[in-house]
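Below: one structure, written as C-alpha cells.
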Amino acid sequence: MATTTANANGSKGAELSHSEVHYFNSYNHHGIHEEMLKDEVRTRSYRDAIYNNKHIFKDKVVLDHVIGVDMSTIIVKAKEIVEVNGMSDKITLLQGKMEEVELPFQEVDIIISEWMGYFLLYESMLDTVLWARDRYLRKDNGLIFPDKATIFVAGIEDGEYKEDKIGFWDNVYGFNYAPLKATALTEPLVDTVELKAVVTDPAAVITLDLYTCTTADLAFSLPFNMPIRRTDYIHALVAWFDIEFSACHKPVRFSTGPHTKYTHWKQTVFYLKDVLTVEAGENVRGVLGCRPNGENRRDLDISIEYELETEDMGRQLRNVCEYKMC
Amino acid sequence: MSSINSLVANGGSSKTPKSDDEDDVPADLHGLDIREDSEGWNDIEEDAEELTVKCLLCDDLSYSVSKMADHCQREHDFNIIALRKRHALDFYGSIKFVNFVRSQAQAGNFKPQCEDSAAWQDDRYLQPVLENDAVLFSLDELDDVNETSLDDDGYLSGSTDQNEIATLRAQISTLQAHHDAYREEVSKTLEKRWTEAPDRTTTTADDEEIKYDKSYFESYSYNDIHQVMLQDRIRTSAYRDFIYDNKHLFEGKTVLDVGCGTGILSMFCAKAGAKRIFAVDNSAIIDKARQIAADNQLLQQITFVRGKIEDFQELPGGVKEVDIIVSEWMGYCLFFENMLPSVLYARDHFMKRRSDGSLDGLMVPSHCSIHIAPMADPDWIADNVTFWSDVYGFDMRCMMEGALTDVVVQHPPESTVAGRTKGQLPVRLWDLHYAKIEDLSFETDFVATLDKKIDTLDAWCIWFDMVFSADAPTGKGSAIIDPMEEQQLAKRTGAVTFSTGPLSMRTHWQCGVCVIDRKADDTHALESGSQLNSKLTFTKGQESRGLDVKINWKAEEGDEVGEQLWKLA
C-alpha cells in the first residue's frame, strides 16, 4: 500500500509525526506561557537556584541559558525578548528538536530545563533532557538544574467531587450514560486537592536522579505503603512530585503536593473503582505502574494495584485499575 | 479536549479556584481553539469522496454494495450473494463473475446465464469492465451481507434485532467501501504525483484543510468536551424544554439530528414521541452514542450513522425527507467551527417541502442573533496585557500581541459592560429556515450608548442568543429579519430562548472579547450617555473553521476612534 508523502523525500528528521506537531504547537500559544510564568513557586525556584548561586554559573556554558533550544515557535518571541533586554550577545537561541539542532559548542557545563509535566512524567520531555545530558554535558563536574524528582502518592476522601465527576454519568437528563462513565474512570484528573482530604501518610514511590537515570527507568512498577491516619473513606489516590536543585550551595526545593502553595501542576487524582472503608492504624499496600504509551510516547499508561490490609474480613479489598493520560 | 491545554482548563473547577467565576462550569479556555485539543493524527486522512456503486445489470446507483445487491434482487431478480455462495467464488472468481455479468449487460443480455461457472472462467474477465468499480473493492464484505428483503416503506422488514443488525452491516459496508475506494485513490494519486512532479514535497492548502478537519472531528471523540456541553445546563435544558414542552410537534415525526455527539438531542426527541430519528456525526463519539441509546432502550427509534451529512444521498432505509432538523451547531461567537453550513445543507437536501418548493418542516433551534457591547475592564488589562511589561525584571511586551489580535473567549463580569445597543437589540437576527451560507458573513452598522462614565474603552464584547420557535415556517420569510423580532419571537407560545451574554449566567460558550490595542497615551475618557457610531464585520477566517471579526467605532463627541481586526482560530 502506498505511504504518504511524509516518507517520500527520505531526508532525516524532515517530517514530524502528527502527534509531535500537535505537542509542539500547543506551546506556540501565549496562554500556556503566561500560566507557567505566573506560577510563582515554579519560576521563583528556578530563579533562586540560579541567582543565589551566581558563582556556579559565571562564565560557564549552559544549555538553556546561554544556549536556548526549543522546537515551538515561541522561540521567535524569546529572541525578541532577549534582544529587547540587551542580552543577545550572551544568549544564543536555536529552534529545533534537541536531538537535531547543531550546537555552537561540543560540550556544556550546565543543563537547565523545566521539563516536568502533570504527574511529573506526562509529556515525557525528560527523555530529551537525558539525551542532552548524554550528548552534551561534560562528564566531569557537569551540573543539571534541577537534578532530583520524586513522585508521591496518598489516599484521599473525595466523595462529593467523585459524585460530580463520575456519578454525573449515571443520570444525564434522565438517561443512563454508562459508556461514558466507564471512560471517565480511566482518565486521571488534574486538579487541586485540599490537605484536609488526605487520609493517609504520603508514600514516596520513585526518585529520579537526573545524573544517572535512563529512559528505561521511566517505565516502572514499584510498590508503596500508605499508613492510614484517620478513620474515613478512600475514593481516590492523589499523586504529586517534589523537585530539588541539589547543585546549589544551599539546595533549593519545591513541592507540588496538597500541603503546599498552589502550582500550575496542581495534583493528579486517580479515582478507584472501589471505595475503601479504612480505620486509623491500618495500611493500604499498592503498586504503581507507569510507562509511555506504545503509540504516542508523550501519553502515559498507568496502573494502580491496591490492597487494604485490615483484620476486618468484611472490609478487606484488593483490585487493579488502569488509566490513560493523554 | 484532552491535551495538556484541556487539562489546564478542566482543572478550573477546583476547591481553591483561581478564577473569579462562581458557578461550576470549568474554567475558560483562554481563546484556545478546538484544534489544539485533538490527539495525534493518523497518516491517512479520510477523503470526502462519495461512494457510488453501479448495479451490475443497469445504471442504477447505490451508496453501498449491499444496497446494490438488494436492488439487483428486487429489480432484476438476480441474487448476487446467492450465486457467489453457490459457486463458492473466491477473490479472483468473484472479480471474473462481476466483470462477466457487467459485460453481458453491456452486450444487452440482462438475464445472464449463471448456472455454469465456466461462463466466466476466461482470464479476460479479470480486466475491470467498469473503471473504478466499487464492487471490486468491496468483495470481502459480500460475504457478510445477508439476503434481506425490504417492505413497502423501504424499511428493512423483520424483528428489531434484525433491523439493527442489518443497519449496522449496511454502515460497516459503506465505511469499508469508502475506505477501500480511498486507498485505491491514494495509491493512484501518489503514483501520479511521484512520476509527474518528483520535487513536490510541500503540502497544499487543501491537504492542510483536510488534516485540520480530521483533527476537528477527533477532538469530539473524548469524554471531556461532551461533559462540558452536557453540564452546560442553560444549553441542554433549552433543547430539552423546547422538545418536551412541544411534544405535539414531535409525535410520529421523522427527525434528523445533525452532529449528534452523545445523542442527547435524539434521545429527547425519542422520549417526545418521534417515530424515527436519524442521528449523524462524523466523530467516533457516535459509537458511544449508539451504545448509550441501546442502554436506554431507544435504539429502535434512533438510527446512528457516522459520516458527514454532505456525503449522504439518502438516509438509512432509503429515507429522503424529514419533518424536523435538530442540531446544536453553535460555536464561540456563534459561527466559530463553521458547522452551520452543514445544518443548512441538511435542510436543503433533506427537509420536507411543499409542492411549491417551500420548506414544510421545522428547524430546532429556529433563530439566532449576534449582540455586541462596549467594555471597560482595567483589571483584566493589568493582569493580561500590562503584565508582560515586567516579568521578573524582564521586558516581555512582545508577548502581548496574542491578547490583542485574537478574540479572547471568556465570560466577563457584569461590571465591565459599559453600555448597550438601543433597546438592547441584537445587531443581526437570522431565521434558520431561510438563511443561506452567504448570509453568515456580514457587515452591519450599530450604535452603542454608554450607561456609565469610563476612563478608557478597553474592549468589545460579542455574544449570541438563540430562539426555538414552535411556529413552523409559512413559506414566506427572509433570512435576515428585524432585530426587534427577537423579543416578539420569545413571547410566542411554546418558544424557548437563551442568551450567552455577560449579563446572563455563564455558558460553555462564554463571550468573545475583542481587546483594543491602543497606545498608552491614546486614552479617552467617555461620559455616561456617550454614543459610539460603529460597524461590526464578520467574515470566514483563513483556517476553514475560523472567524475574522472587524470593528470600527467613532465617538459622536470627542477623539475616541478606532478600527481593529481580531481572529478566532
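Ordering of the C-alpha cells sets the chain letters (A, B, ...), residue numbers begin anew at 1 in every chain, and ligands are numbered from 1 in the order given.
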
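Look at Ser221 (chain B): the protein and nucleic acid residues within 6 Å of it, using only C-alpha atoms and passing over chain neighbours fewer than 5 places away, are Ser283, Ala284 and Ile285 of chain B.
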
Grab the residues selected above and save them as a short mmCIF file (atom, residue, chain, number, x, y, z; two decimals), in the first residue's frame with N, CA, C and O atoms.
```
data_model
loop_
_atom_site.label_atom_id
_atom_site.label_comp_id
_atom_site.auth_asym_id
_atom_site.auth_seq_id
_atom_site.Cartn_x
_atom_site.Cartn_y
_atom_site.Cartn_z
N SER B 283 -17.71 12.13 14.08
CA SER B 283 -16.71 11.84 15.10
C SER B 283 -16.95 10.45 15.68
O SER B 283 -18.09 9.96 15.69
N ALA B 284 -15.90 9.83 16.20
CA ALA B 284 -16.00 8.49 16.77
C ALA B 284 -16.94 8.42 17.97
O ALA B 284 -17.36 7.34 18.38
N ILE B 285 -17.31 9.57 18.52
CA ILE B 285 -18.21 9.57 19.67
C ILE B 285 -19.53 8.89 19.34
O ILE B 285 -20.24 8.40 20.22
#
```

List every residue of region 315-484 of chain B that DSSP, applied to the backbone of this structure, places in alpha helix (DSSP H), and write the result as a list in words. Leu340, Pro341, Ser342, Val343, Leu344, Tyr345, Ala346, Arg347, Asp348, His349, Phe350, Pro378, Asp379, Trp380, Ile381, Ala382, Asp383, Asn384, Glu401, Gly402, Ala403, Leu404 and Thr405 of chain B

Which neighbours of Val199 (chain A) fall inside 12 Å, counting only C-alpha atoms, when residues of the same chain fewer than 5 positions from it are skipped, and could you give them as a ChimeraX atom specification? /A:153-158,193-194,226-238,258,276-284

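Considering the residues A:Phe119, A:Gly159, A:Tyr262, A:Ala49 and counting only C-alpha atoms, Ile302 (chain A) has its shortest atom-to-atom contact with A:Phe119.
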
Restricting to only C-alpha atoms, whichever of B:Arg290, B:Arg276, B:Lys554, B:Lys352 is closest to Leu532 (chain B) is B:Lys554

For Thr497 (chain B), list every protein, DNA or RNA residue within 9 Å, evaluated using only C-alpha atoms, and leave out those in the same chain fewer than 3 positions away; present the list as a VMD selection string. chain B and resid 238 242 465 to 469 489 to 490
